[in-house]
file work.cif (mmCIF, C-alpha atoms)
data_query
loop_
_atom_site.group_PDB
_atom_site.id
_atom_site.type_symbol
_atom_site.label_atom_id
_atom_site.label_comp_id
_atom_site.auth_asym_id
_atom_site.auth_seq_id
_atom_site.Cartn_x
_atom_site.Cartn_y
_atom_site.Cartn_z
ATOM 1 C CA MET A 246 -1.706 -9.141 29.058
ATOM 2 C CA SER A 247 1.331 -11.237 29.753
ATOM 3 C CA SER A 248 4.201 -10.551 32.089
ATOM 4 C CA PHE A 249 7.616 -11.698 33.189
ATOM 5 C CA ALA A 250 8.756 -10.902 36.706
ATOM 6 C CA GLY A 251 5.765 -8.604 36.961
ATOM 7 C CA GLU A 252 6.659 -6.538 33.892
ATOM 8 C CA GLY A 253 4.778 -6.552 30.596
ATOM 9 C CA ILE A 254 7.975 -6.562 28.556
ATOM 10 C CA PHE A 255 6.328 -7.846 25.379
ATOM 11 C CA ASP A 256 3.073 -5.926 25.585
ATOM 12 C CA SER A 257 3.816 -3.384 22.843
ATOM 13 C CA GLY A 258 2.759 -5.939 20.249
ATOM 14 C CA PRO A 259 1.140 -9.311 19.746
ATOM 15 C CA HIS A 260 2.982 -12.345 21.033
ATOM 16 C CA ARG A 261 2.272 -16.008 21.486
ATOM 17 C CA PHE A 262 3.467 -18.646 23.887
ATOM 18 C CA ARG A 263 4.796 -22.041 22.996
ATOM 19 C CA ARG A 264 5.979 -24.858 25.218
ATOM 20 C CA LEU A 265 8.766 -26.974 23.889
ATOM 21 C CA PRO A 266 8.566 -30.752 24.234
ATOM 22 C CA LEU A 267 7.981 -32.365 27.582
ATOM 23 C CA GLY A 268 9.427 -35.726 28.500
ATOM 24 C CA LEU A 269 12.827 -37.251 29.063
ATOM 25 C CA GLN A 270 16.303 -36.375 27.921
ATOM 26 C CA VAL A 271 17.273 -39.398 25.834
ATOM 27 C CA VAL A 272 20.759 -39.746 24.375
ATOM 28 C CA PRO A 273 22.347 -42.493 22.266
ATOM 29 C CA LEU A 274 24.783 -44.647 24.226
ATOM 30 C CA MET A 275 27.122 -44.216 21.276
ATOM 31 C CA ALA A 276 27.494 -40.588 22.333
ATOM 32 C CA LEU A 277 28.575 -41.658 25.820
ATOM 33 C CA ASP A 278 30.911 -44.572 25.263
ATOM 34 C CA GLY A 279 31.425 -44.632 21.501
ATOM 35 C CA ILE A 280 30.650 -48.324 21.025
ATOM 36 C CA SER A 281 27.278 -49.321 22.464
ATOM 37 C CA PRO A 282 23.984 -49.415 20.552
ATOM 38 C CA GLY A 283 20.704 -48.131 21.961
ATOM 39 C CA SER A 284 19.955 -45.104 24.075
ATOM 40 C CA VAL A 285 19.433 -44.178 27.666
ATOM 41 C CA ALA A 286 17.141 -41.765 29.492
ATOM 42 C CA LEU A 287 19.178 -39.374 31.589
ATOM 43 C CA GLY A 288 16.335 -37.528 33.283
ATOM 44 C CA PRO A 289 13.483 -35.112 32.678
ATOM 45 C CA LEU A 290 13.677 -32.398 30.052
ATOM 46 C CA GLU A 291 13.812 -28.876 31.328
ATOM 47 C CA LEU A 292 10.704 -26.793 30.866
ATOM 48 C CA ILE A 293 11.315 -24.419 27.972
ATOM 49 C CA VAL A 294 8.808 -21.738 26.949
ATOM 50 C CA GLU A 295 9.229 -19.651 23.854
ATOM 51 C CA VAL A 296 7.504 -16.350 23.281
ATOM 52 C CA ARG A 297 7.218 -15.339 19.646
ATOM 53 C CA GLY A 298 5.883 -11.958 18.746
ATOM 54 C CA ARG A 299 6.530 -8.486 17.491
ATOM 55 C CA LEU A 300 7.570 -5.345 19.307
ATOM 56 C CA ILE A 301 5.842 -2.265 17.897
ATOM 57 C CA ALA A 302 6.839 1.362 18.296
ATOM 58 C CA PRO A 303 6.188 4.669 16.567
ATOM 59 C CA THR A 304 9.895 5.373 16.007
ATOM 60 C CA THR A 305 13.153 3.504 15.712
ATOM 61 C CA ALA A 306 14.392 5.073 18.938
ATOM 62 C CA ALA A 307 11.311 3.923 20.808
ATOM 63 C CA LEU A 308 11.746 0.416 19.477
ATOM 64 C CA GLU A 309 15.406 0.333 20.463
ATOM 65 C CA ALA A 310 14.441 1.482 23.941
ATOM 66 C CA GLN A 311 12.154 -1.540 24.240
ATOM 67 C CA VAL A 312 14.913 -3.861 23.046
ATOM 68 C CA ASP A 313 17.325 -2.311 25.534
ATOM 69 C CA THR A 314 14.857 -2.854 28.352
ATOM 70 C CA ILE A 315 14.472 -6.489 27.411
ATOM 71 C CA GLY A 316 18.218 -6.849 26.970
ATOM 72 C CA SER A 317 18.805 -5.531 30.465
ATOM 73 C CA LEU A 318 16.994 -8.616 31.783
ATOM 74 C CA LEU A 319 19.407 -10.972 30.030
ATOM 75 C CA THR A 320 21.915 -11.151 32.822
ATOM 76 C CA TYR A 321 24.254 -13.764 34.216
ATOM 77 C CA PRO A 322 23.199 -15.397 36.444
ATOM 78 C CA PRO A 323 19.909 -15.260 34.546
ATOM 79 C CA THR A 324 16.971 -13.160 35.627
ATOM 80 C CA GLN A 325 14.415 -15.431 37.226
ATOM 81 C CA GLY A 326 10.735 -14.740 37.738
ATOM 82 C CA ASP A 327 7.225 -15.861 37.016
ATOM 83 C CA LEU A 328 6.170 -15.864 33.366
ATOM 84 C CA VAL A 329 2.435 -15.363 32.896
ATOM 85 C CA ASP A 330 0.815 -16.006 29.527
ATOM 86 C CA HIS A 331 -2.305 -14.366 28.053
ATOM 87 C CA HIS A 332 -4.606 -16.868 29.687
ATOM 88 C CA GLY A 333 -3.185 -16.545 33.169
ATOM 89 C CA ARG A 334 -1.033 -19.621 33.143
ATOM 90 C CA VAL A 335 1.965 -19.057 35.367
ATOM 91 C CA TYR A 336 5.360 -20.610 34.728
ATOM 92 C CA GLU A 337 6.985 -20.132 38.098
ATOM 93 C CA LYS A 338 10.672 -19.554 38.749
ATOM 94 C CA ILE A 339 11.667 -19.572 35.106
ATOM 95 C CA SER A 340 14.794 -17.918 33.743
ATOM 96 C CA PHE A 341 14.973 -15.536 30.801
ATOM 97 C CA VAL A 342 17.927 -16.770 28.745
ATOM 98 C CA ARG A 343 17.616 -15.575 25.151
ATOM 99 C CA PHE A 344 16.088 -12.858 22.999
ATOM 100 C CA GLU A 345 16.523 -13.362 19.275
ATOM 101 C CA PRO A 346 15.403 -10.524 16.992
ATOM 102 C CA ASP A 347 14.318 -11.289 13.456
ATOM 103 C CA ASP A 348 16.683 -10.524 10.628
ATOM 104 C CA ARG A 349 15.291 -7.048 9.955
ATOM 105 C CA THR A 350 13.444 -4.177 11.521
ATOM 106 C CA ASP A 351 10.224 -3.533 9.645
ATOM 107 C CA ARG A 352 9.451 0.071 8.842
ATOM 108 C CA GLY A 353 6.004 0.581 7.407
ATOM 109 C CA ARG A 354 3.116 2.325 9.136
ATOM 110 C CA THR A 355 4.907 1.428 12.349
ATOM 111 C CA VAL A 356 8.408 0.405 13.320
ATOM 112 C CA SER A 357 8.324 -3.197 14.420
ATOM 113 C CA LEU A 358 10.587 -6.111 15.115
ATOM 114 C CA ALA A 359 9.673 -9.779 15.219
ATOM 115 C CA TYR A 360 11.472 -11.838 17.844
ATOM 116 C CA THR A 361 11.708 -15.100 19.708
ATOM 117 C CA ALA A 362 12.357 -15.061 23.439
ATOM 118 C CA ARG A 363 13.295 -18.162 25.370
ATOM 119 C CA PHE A 364 12.683 -19.013 28.987
ATOM 120 C CA VAL A 365 14.089 -22.084 30.739
ATOM 121 C CA ARG A 366 13.276 -23.553 34.104
ATOM 122 C CA PHE A 367 16.544 -25.200 35.002
ATOM 123 C CA LEU A 368 16.326 -28.521 36.744
ATOM 124 C CA SER A 369 18.371 -27.036 39.565
ATOM 125 C CA ASP A 370 15.634 -24.452 40.151
ATOM 126 C CA LYS A 371 12.776 -26.932 40.606
ATOM 127 C CA MET B 241 -3.872 5.584 -9.740
ATOM 128 C CA LEU B 242 -5.155 5.482 -13.290
ATOM 129 C CA ILE B 243 -4.537 8.216 -15.829
ATOM 130 C CA LEU B 244 -6.399 8.011 -19.130
ATOM 131 C CA ASN B 245 -5.032 9.560 -22.295
ATOM 132 C CA PRO B 246 -2.251 11.733 -20.887
ATOM 133 C CA PRO B 247 -1.117 14.094 -23.670
ATOM 134 C CA THR B 248 2.468 12.883 -23.645
ATOM 135 C CA VAL B 249 4.625 10.953 -21.282
ATOM 136 C CA GLN B 250 8.299 11.717 -20.996
ATOM 137 C CA LEU B 251 10.416 8.730 -20.017
ATOM 138 C CA GLY B 252 13.998 9.946 -19.952
ATOM 139 C CA PRO B 253 14.906 10.617 -23.587
ATOM 140 C CA HIS B 254 11.778 8.816 -24.840
ATOM 141 C CA THR B 255 8.786 10.984 -25.635
ATOM 142 C CA LEU B 256 5.879 8.584 -25.560
ATOM 143 C CA GLU B 257 2.840 9.603 -27.561
ATOM 144 C CA ASP B 258 -0.517 7.940 -28.111
ATOM 145 C CA VAL B 259 -0.587 6.758 -24.526
ATOM 146 C CA ALA B 260 -3.969 5.191 -23.850
ATOM 147 C CA LEU B 261 -3.499 4.864 -20.134
ATOM 148 C CA LEU B 262 -0.951 5.024 -17.411
ATOM 149 C CA ALA B 263 -1.571 2.943 -14.330
ATOM 150 C CA ILE B 264 0.335 3.206 -11.086
ATOM 151 C CA ASP B 265 -0.130 0.152 -8.894
ATOM 152 C CA ARG B 266 1.088 -0.120 -5.353
ATOM 153 C CA VAL B 267 1.409 -3.624 -4.019
ATOM 154 C CA ALA B 268 2.878 -5.140 -0.895
ATOM 155 C CA HIS B 269 6.158 -6.901 -1.511
ATOM 156 C CA ARG B 270 6.163 -8.275 2.010
ATOM 157 C CA THR B 271 3.606 -8.059 4.773
ATOM 158 C CA ALA B 272 4.069 -8.376 8.500
ATOM 159 C CA GLU B 273 1.043 -10.064 10.028
ATOM 160 C CA GLU B 274 0.598 -11.360 13.532
ATOM 161 C CA TRP B 275 -1.998 -13.390 15.357
ATOM 162 C CA SER B 276 -2.509 -13.622 19.093
ATOM 163 C CA ASP B 277 -3.215 -16.493 21.446
ATOM 164 C CA ALA B 278 -6.771 -15.205 21.838
ATOM 165 C CA GLY B 279 -8.378 -16.348 18.595
ATOM 166 C CA PRO B 280 -8.240 -16.899 14.872
ATOM 167 C CA HIS B 281 -8.011 -13.355 13.568
ATOM 168 C CA PRO B 282 -4.901 -11.307 12.885
ATOM 169 C CA VAL B 283 -4.324 -8.504 15.344
ATOM 170 C CA PHE B 284 -1.543 -6.723 13.499
ATOM 171 C CA ALA B 285 -0.711 -6.084 9.861
ATOM 172 C CA ASP B 286 1.747 -3.760 8.265
ATOM 173 C CA VAL B 287 3.480 -3.450 4.926
ATOM 174 C CA PRO B 288 7.173 -2.878 5.538
ATOM 175 C CA GLU B 289 8.080 -3.503 1.905
ATOM 176 C CA GLN B 290 6.046 -2.361 -1.040
ATOM 177 C CA ARG B 291 6.490 -1.915 -4.745
ATOM 178 C CA THR B 292 5.196 0.840 -6.989
ATOM 179 C CA VAL B 293 4.659 -0.437 -10.506
ATOM 180 C CA VAL B 294 3.914 1.827 -13.438
ATOM 181 C CA ARG B 295 2.331 0.524 -16.621
ATOM 182 C CA ILE B 296 2.241 2.690 -19.707
ATOM 183 C CA VAL B 297 -0.064 1.379 -22.407
ATOM 184 C CA ARG B 298 0.361 2.915 -25.865
ATOM 185 C CA ARG B 299 -1.476 2.519 -29.147
ATOM 186 C CA LEU B 300 1.122 2.038 -31.854
ATOM 187 C CA GLU B 301 0.178 3.453 -35.224
ATOM 188 C CA ARG B 302 3.632 3.064 -36.749
ATOM 189 C CA ASP B 303 6.940 1.278 -36.256
ATOM 190 C CA ASP B 304 8.692 1.695 -32.958
ATOM 191 C CA PRO B 305 12.212 0.420 -33.566
ATOM 192 C CA ALA B 306 13.814 1.824 -30.411
ATOM 193 C CA PRO B 307 11.575 1.367 -27.387
ATOM 194 C CA PRO B 308 12.986 1.582 -23.860
ATOM 195 C CA LEU B 309 14.910 -1.488 -22.804
ATOM 196 C CA PRO B 310 14.562 -3.480 -19.578
ATOM 197 C CA GLY B 311 17.097 -2.315 -17.047
ATOM 198 C CA GLU B 312 17.140 1.285 -18.227
ATOM 199 C CA GLN B 313 16.597 3.854 -15.492
ATOM 200 C CA HIS B 314 14.886 7.097 -16.382
ATOM 201 C CA THR B 315 12.878 9.928 -14.956
ATOM 202 C CA LEU B 316 9.183 9.724 -15.765
ATOM 203 C CA ALA B 317 6.952 12.763 -16.037
ATOM 204 C CA PHE B 318 3.555 13.598 -17.426
ATOM 205 C CA HIS B 319 0.715 16.035 -16.911
ATOM 206 C CA THR B 320 -2.880 15.391 -16.126
ATOM 207 C CA SER B 321 -5.927 17.589 -15.833
ATOM 208 C CA PRO B 322 -9.637 17.047 -15.462
ATOM 209 C CA ASN B 323 -10.247 18.523 -18.916
ATOM 210 C CA LEU B 324 -8.347 19.993 -21.842
ATOM 211 C CA SER B 325 -7.984 23.399 -20.219
ATOM 212 C CA ASP B 326 -5.063 24.507 -18.082
ATOM 213 C CA ALA B 327 -7.206 24.488 -14.962
ATOM 214 C CA ASP B 328 -6.186 22.177 -12.153
ATOM 215 C CA ARG B 329 -3.302 20.734 -14.115
ATOM 216 C CA ARG B 330 -0.973 18.526 -12.168
ATOM 217 C CA ARG B 331 2.483 17.285 -12.941
ATOM 218 C CA ILE B 332 3.180 13.746 -11.862
ATOM 219 C CA SER B 333 6.773 12.689 -11.847
ATOM 220 C CA ILE B 334 9.010 9.896 -10.708
ATOM 221 C CA ALA B 335 12.659 10.762 -10.228
ATOM 222 C CA ALA B 336 13.843 7.274 -11.047
ATOM 223 C CA ALA B 337 12.016 4.377 -12.628
ATOM 224 C CA VAL B 338 13.527 1.194 -13.995
ATOM 225 C CA VAL B 339 12.062 -0.493 -17.042
ATOM 226 C CA THR B 340 11.250 -4.106 -16.234
ATOM 227 C CA ALA B 341 9.330 -5.131 -19.350
ATOM 228 C CA VAL B 342 8.330 -3.893 -22.793
ATOM 229 C CA THR B 343 5.693 -6.086 -24.390
ATOM 230 C CA HIS B 344 3.462 -5.849 -27.449
ATOM 231 C CA GLN B 345 0.036 -7.132 -28.211
ATOM 232 C CA VAL B 346 -0.556 -7.287 -31.925
ATOM 233 C CA GLY B 347 -3.968 -7.253 -33.552
ATOM 234 C CA GLY B 348 -5.695 -5.928 -30.490
ATOM 235 C CA GLY B 349 -7.120 -2.783 -32.052
ATOM 236 C CA PRO B 350 -10.691 -2.246 -33.166
ATOM 237 C CA SER B 351 -9.740 -2.943 -36.770
ATOM 238 C CA GLY B 352 -7.790 -6.026 -35.841
ATOM 239 C CA ARG B 353 -4.633 -4.455 -37.252
ATOM 240 C CA GLY B 354 -3.498 -2.247 -34.422
ATOM 241 C CA ALA B 355 -0.788 -2.907 -31.928
ATOM 242 C CA GLN B 356 -0.490 -2.101 -28.282
ATOM 243 C CA GLN B 357 2.728 -1.581 -26.386
ATOM 244 C CA THR B 358 2.970 -1.934 -22.632
ATOM 245 C CA ILE B 359 5.969 -0.551 -20.803
ATOM 246 C CA THR B 360 6.270 -1.689 -17.198
ATOM 247 C CA LEU B 361 8.481 0.095 -14.716
ATOM 248 C CA THR B 362 9.370 -0.144 -11.055
ATOM 249 C CA ALA B 363 9.469 3.252 -9.377
ATOM 250 C CA LEU B 364 12.391 3.927 -7.056
ATOM 251 C CA SER B 365 12.377 6.022 -3.922
ATOM 252 C CA PRO B 366 15.327 8.378 -3.484
ATOM 253 C CA ASP B 367 15.916 7.215 0.080
ATOM 254 C CA GLY B 368 13.661 4.240 0.701
ATOM 255 C CA ALA B 369 11.242 6.218 2.840
ATOM 256 C CA SER B 370 9.964 8.911 0.486
ATOM 257 C CA ASP B 371 7.118 8.169 -1.880
ATOM 258 C CA PRO B 372 8.534 7.723 -5.389
ATOM 259 C CA ILE B 373 5.517 9.493 -6.880
ATOM 260 C CA SER B 374 5.625 13.278 -6.800
ATOM 261 C CA ILE B 375 2.493 15.285 -7.621
ATOM 262 C CA THR B 376 2.634 19.059 -8.052
ATOM 263 C CA THR B 377 -0.079 21.462 -9.050
ATOM 264 C CA ILE B 378 0.759 23.692 -11.977
ATOM 265 C CA ALA B 379 -0.337 27.290 -11.965
ATOM 266 C CA ASP B 380 -2.667 28.255 -14.814
ATOM 267 C CA GLY B 381 -0.708 29.047 -17.963
ATOM 268 C CA ALA B 382 2.576 27.640 -16.682
ATOM 269 C CA ASP B 383 4.336 24.692 -18.286
#

call {"tool": "encode", "arguments": {"input": "work.cif", "output": "structure tokens"}}
result
Amino acid sequence: MSSFAGEGIFDSGPHRFRRLPLGLQVVPLMALDGISPGSVALGPLELIVEVRGRLIAPTTAALEAQVDTIGSLLTYPPTQGDLVDHHGRVYEKISFVRFEPDDRTDRGRTVSLAYTARFVRFLSDK
Amino acid sequence: MLILNPPTVQLGPHTLEDVALLAIDRVAHRTAEEWSDAGPHPVFADVPEQRTVVRIVRRLERDDPAPPLPGEQHTLAFHTSPNLSDADRRRISIAAAVVTAVTHQVGGGPSGRGAQQTITLTALSPDGASDPISITTIADGAD
């Protein structure tokens, strides 16, 4: 079981966690001044966690209700909470910033929708 | 589903005789499969897109100058029963099927001189959700 802000918002179907690269934000100097070669490290990358999975429901209406619930968390300022993966790892004070459904709703034995959800821990929140 | 030696098969205006077999295959066109973070095995599988393919295999004993053509859409209907009586007869029909291939195998008969024609069709659902294959039981003595 996983959770975000104490709610198992993705628990209707399988989902996996992925951390995006760690390290430094490096930009070409050319992008800053237009003439200089090389690059410069501006600071640490933000922690970004992606959740990829599939919401599953018995009906289209039930699936849309799940999407609406998730969508209600995509607020501005962003909803912040602890994201807990299947193995108990906690990403503290992380913000839910994006929910991207796949290009189609799958209607077979079940009604399901693949998605990618993105969470960011902004540097200002560290 | 495999039907051996149906008496006749009606494909739109084409009355197909000498049908050796009619096979209805259902295959996944696309599968939705998911794995979890817990281990190597899939935890979810579904078939949101599937295809129903009908193959009609005929023994040709004479010329067949006007077979169905790829792209034609017809109704398909035939009867089947466990024996030659009227008992337990069933009518199997497809409201719309599109011919995708008509091929011939020559010299495949027992004498080495026969020919075999295979007509392949994709069955269409009227609304995307209903099964394209309709099976109805026929009362004894009815057509």

call {"tool": "axis_aligned_box", "arguments": {"input": "work.cif", "around": "region 308-312 of chain A", "padding_each_side": "3 Å", "output": "JSON"}}
result
{"center_x": 13.6, "center_y": -1.2, "center_z": 21.9, "size_x": 9.7, "size_y": 11.3, "size_z": 10.8}

call {"tool": "closest_residue", "arguments": {"input": "work.cif", "among": "B:Thr377, B:Met241, B:Ser333, B:Val249", "to": "Ser321 (chain B)", "atoms": "only C-alpha atoms"}}
result
B:Thr377

call {"tool": "interface_residues", "arguments": {"input": "work.cif", "of": "chain A", "to": "chain B", "cutoff": "9 Å", "atoms": "all atoms listed in the file", "output": "list in words"}}
result
Gly258, Pro259, His260, Arg261, Phe262, Gly298, Arg299, His331, His332, Thr350, Asp351, Arg352, Gly353, Arg354, Thr355, Val356, Ser357 and Ala359 of chain A

call {"tool": "write_last_selection", "arguments": {"input": "work.cif", "atoms": "C-alpha atoms", "output": "compact mmCIF listing (two decimals), keeping the file's coordinate frame"}}
result
# COMPACT_ATOMS: atom_id res chain seq x y z
CA GLY A 258 2.76 -5.94 20.25
CA PRO A 259 1.14 -9.31 19.75
CA HIS A 260 2.98 -12.34 21.03
CA ARG A 261 2.27 -16.01 21.49
CA PHE A 262 3.47 -18.65 23.89
CA GLY A 298 5.88 -11.96 18.75
CA ARG A 299 6.53 -8.49 17.49
CA HIS A 331 -2.31 -14.37 28.05
CA HIS A 332 -4.61 -16.87 29.69
CA THR A 350 13.44 -4.18 11.52
CA ASP A 351 10.22 -3.53 9.64
CA ARG A 352 9.45 0.07 8.84
CA GLY A 353 6.00 0.58 7.41
CA ARG A 354 3.12 2.33 9.14
CA THR A 355 4.91 1.43 12.35
CA VAL A 356 8.41 0.40 13.32
CA SER A 357 8.32 -3.20 14.42
CA ALA A 359 9.67 -9.78 15.22

call {"tool": "resolve_selection", "arguments": {"input": "work.cif", "expression": "the PyMOL selection byres ((chain B and resi 303) around 12)", "output": "mmCIF file with C-alpha atoms, in the coordinates of the input"}}
result
data_model
loop_
_atom_site.group_PDB
_atom_site.id
_atom_site.type_symbol
_atom_site.label_atom_id
_atom_site.label_comp_id
_atom_site.auth_asym_id
_atom_site.auth_seq_id
_atom_site.Cartn_x
_atom_site.Cartn_y
_atom_site.Cartn_z
ATOM 1 C CA ARG B 299 -1.476 2.519 -29.147
ATOM 2 C CA LEU B 300 1.122 2.038 -31.854
ATOM 3 C CA GLU B 301 0.178 3.453 -35.224
ATOM 4 C CA ARG B 302 3.632 3.064 -36.749
ATOM 5 C CA ASP B 304 8.692 1.695 -32.958
ATOM 6 C CA PRO B 305 12.212 0.420 -33.566
ATOM 7 C CA ALA B 306 13.814 1.824 -30.411
ATOM 8 C CA PRO B 307 11.575 1.367 -27.387
ATOM 9 C CA HIS B 344 3.462 -5.849 -27.449
ATOM 10 C CA GLY B 354 -3.498 -2.247 -34.422
ATOM 11 C CA ALA B 355 -0.788 -2.907 -31.928
ATOM 12 C CA GLN B 356 -0.490 -2.101 -28.282
ATOM 13 C CA GLN B 357 2.728 -1.581 -26.386
#

call {"tool": "resolve_selection", "arguments": {"input": "work.cif", "expression": "the PyMOL selection byres ((chain B and resi 328-332) around 6)", "output": "list in words"}}
result
Ala317, Phe318, His319, Thr320, Ser321, Asp326, Ala327, Ser333, Ser374, Ile375, Thr376, Thr377 and Ile378 of chain B

call {"tool": "resolve_selection", "arguments": {"input": "work.cif", "expression": "the PyMOL selection byres ((chain B and resi 257-265) around 10)", "output": "NGL selection string"}}
result
:B and (241-250 or 254-256 or 266-267 or 291-301 or 318 or 356-363 or 373)

call {"tool": "write_last_selection", "arguments": {"input": "work.cif", "atoms": "C-alpha atoms", "output": "PDB file, in the frame of the given file"}}
result
ATOM      1  CA  MET B 241      -3.872   5.584  -9.740  1.00  0.00           C
ATOM      2  CA  LEU B 242      -5.155   5.482 -13.290  1.00  0.00           C
ATOM      3  CA  ILE B 243      -4.537   8.216 -15.829  1.00  0.00           C
ATOM      4  CA  LEU B 244      -6.399   8.011 -19.130  1.00  0.00           C
ATOM      5  CA  ASN B 245      -5.032   9.560 -22.295  1.00  0.00           C
ATOM      6  CA  PRO B 246      -2.251  11.733 -20.887  1.00  0.00           C
ATOM      7  CA  PRO B 247      -1.117  14.094 -23.670  1.00  0.00           C
ATOM      8  CA  THR B 248       2.468  12.883 -23.645  1.00  0.00           C
ATOM      9  CA  VAL B 249       4.625  10.953 -21.282  1.00  0.00           C
ATOM     10  CA  GLN B 250       8.299  11.717 -20.996  1.00  0.00           C
ATOM     11  CA  HIS B 254      11.778   8.816 -24.840  1.00  0.00           C
ATOM     12  CA  THR B 255       8.786  10.984 -25.635  1.00  0.00           C
ATOM     13  CA  LEU B 256       5.879   8.584 -25.560  1.00  0.00           C
ATOM     14  CA  ARG B 266       1.088  -0.120  -5.353  1.00  0.00           C
ATOM     15  CA  VAL B 267       1.409  -3.624  -4.019  1.00  0.00           C
ATOM     16  CA  ARG B 291       6.490  -1.915  -4.745  1.00  0.00           C
ATOM     17  CA  THR B 292       5.196   0.840  -6.989  1.00  0.00           C
ATOM     18  CA  VAL B 293       4.659  -0.437 -10.506  1.00  0.00           C
ATOM     19  CA  VAL B 294       3.914   1.827 -13.438  1.00  0.00           C
ATOM     20  CA  ARG B 295       2.331   0.524 -16.621  1.00  0.00           C
ATOM     21  CA  ILE B 296       2.241   2.690 -19.707  1.00  0.00           C
ATOM     22  CA  VAL B 297      -0.064   1.379 -22.407  1.00  0.00           C
ATOM     23  CA  ARG B 298       0.361   2.915 -25.865  1.00  0.00           C
ATOM     24  CA  ARG B 299      -1.476   2.519 -29.147  1.00  0.00           C
ATOM     25  CA  LEU B 300       1.122   2.038 -31.854  1.00  0.00           C
ATOM     26  CA  GLU B 301       0.178   3.453 -35.224  1.00  0.00           C
ATOM     27  CA  PHE B 318       3.555  13.598 -17.426  1.00  0.00           C
ATOM     28  CA  GLN B 356      -0.490  -2.101 -28.282  1.00  0.00           C
ATOM     29  CA  GLN B 357       2.728  -1.581 -26.386  1.00  0.00           C
ATOM     30  CA  THR B 358       2.970  -1.934 -22.632  1.00  0.00           C
ATOM     31  CA  ILE B 359       5.969  -0.551 -20.803  1.00  0.00           C
ATOM     32  CA  THR B 360       6.270  -1.689 -17.198  1.00  0.00           C
ATOM     33  CA  LEU B 361       8.481   0.095 -14.716  1.00  0.00           C
ATOM     34  CA  THR B 362       9.370  -0.144 -11.055  1.00  0.00           C
ATOM     35  CA  ALA B 363       9.469   3.252  -9.377  1.00  0.00           C
ATOM     36  CA  ILE B 373       5.517   9.493  -6.880  1.00  0.00           C
TER      37      ILE B 373
END

call {"tool": "residues_near_point", "arguments": {"input": "work.cif", "point": "(4.3, -16.0, 29.9)", "cutoff": "10 Å", "atoms": "only C-alpha atoms", "output": "VMD selection string"}}
result
chain A and resid 246 to 250 253 255 260 to 263 294 to 296 327 to 337 339 364

call {"tool": "closest_residue", "arguments": {"input": "work.cif", "among": "B:Ala337, B:Ala379, B:Val346, B:Leu364", "to": "His314 (chain B)", "atoms": "all atoms listed in the file"}}
result
B:Ala337

call {"tool": "atom_distance", "arguments": {"input": "work.cif", "atom1": "CA of Ala302 (chain A)", "atom2": "CA of Ser257 (chain A)"}}
result
7.2 Å

call {"tool": "atom_distance", "arguments": {"input": "work.cif", "atom1": "CA of Thr304 (chain A)", "atom2": "CA of Leu319 (chain A)"}}
result
23.5 Å

call {"tool": "residues_around", "arguments": {"input": "work.cif", "residues": "Leu318 (chain A)", "least_positions_apart": "6", "cutoff": "10 Å", "atoms": "all atoms listed in the file", "output": "ChimeraX atom specification"}}
result
/A:249-250,254,324-325,340-344

call {"tool": "atom_distance", "arguments": {"input": "work.cif", "atom1": "CA of Thr305 (chain A)", "atom2": "CA of Pro366 (chain B)"}}
result
19.9 Å

call {"tool": "residues_around", "arguments": {"input": "work.cif", "residues": "Pro310 (chain B)", "least_positions_apart": "6", "cutoff": "8 Å", "atoms": "all atoms listed in the file", "output": "PyMOL selection string"}}
result
chain B and resi 338-342

call {"tool": "closest_residue", "arguments": {"input": "work.cif", "among": "A:Leu277, A:Gly326, A:Lys338, A:Phe367", "to": "Gly251 (chain A)", "atoms": "only C-alpha atoms"}}
result
A:Gly326

call {"tool": "decode", "arguments": {"input": "work.cif", "residues": "region 350-359 of chain A", "atoms": "N, CA and C atoms", "output": "PDB file, in the first residue's frame"}}
result
ATOM      1  N   THR A 350      -8.765   5.481 -22.369  1.00  0.00           N
ATOM      2  CA  THR A 350      -9.298   4.653 -21.298  1.00  0.00           C
ATOM      3  C   THR A 350      -9.508   3.258 -21.846  1.00  0.00           C
ATOM      4  N   ASP A 351      -9.016   2.266 -21.132  1.00  0.00           N
ATOM      5  CA  ASP A 351      -9.109   0.888 -21.607  1.00  0.00           C
ATOM      6  C   ASP A 351     -10.354   0.225 -21.049  1.00  0.00           C
ATOM      7  N   ARG A 352     -11.155  -0.294 -21.944  1.00  0.00           N
ATOM      8  CA  ARG A 352     -12.398  -0.961 -21.527  1.00  0.00           C
ATOM      9  C   ARG A 352     -12.357  -2.409 -21.994  1.00  0.00           C
ATOM     10  N   GLY A 353     -12.010  -3.276 -21.087  1.00  0.00           N
ATOM     11  CA  GLY A 353     -12.007  -4.706 -21.364  1.00  0.00           C
ATOM     12  C   GLY A 353     -12.819  -5.385 -20.286  1.00  0.00           C
ATOM     13  N   ARG A 354     -12.204  -6.289 -19.549  1.00  0.00           N
ATOM     14  CA  ARG A 354     -12.870  -6.899 -18.395  1.00  0.00           C
ATOM     15  C   ARG A 354     -13.152  -5.844 -17.334  1.00  0.00           C
ATOM     16  N   THR A 355     -12.248  -4.872 -17.265  1.00  0.00           N
ATOM     17  CA  THR A 355     -12.398  -3.758 -16.334  1.00  0.00           C
ATOM     18  C   THR A 355     -12.297  -2.453 -17.119  1.00  0.00           C
ATOM     19  N   VAL A 356     -12.562  -1.375 -16.436  1.00  0.00           N
ATOM     20  CA  VAL A 356     -12.320  -0.045 -17.010  1.00  0.00           C
ATOM     21  C   VAL A 356     -11.070   0.484 -16.319  1.00  0.00           C
ATOM     22  N   SER A 357     -10.063   0.797 -17.095  1.00  0.00           N
ATOM     23  CA  SER A 357      -8.798   1.179 -16.474  1.00  0.00           C
ATOM     24  C   SER A 357      -8.136   2.290 -17.256  1.00  0.00           C
ATOM     25  N   LEU A 358      -7.254   2.974 -16.567  1.00  0.00           N
ATOM     26  CA  LEU A 358      -6.575   4.128 -17.159  1.00  0.00           C
ATOM     27  C   LEU A 358      -5.137   4.170 -16.651  1.00  0.00           C
ATOM     28  N   ALA A 359      -4.203   4.081 -17.578  1.00  0.00           N
ATOM     29  CA  ALA A 359      -2.795   4.217 -17.199  1.00  0.00           C
ATOM     30  C   ALA A 359      -2.475   5.704 -17.002  1.00  0.00           C
TER      31      ALA A 359
END
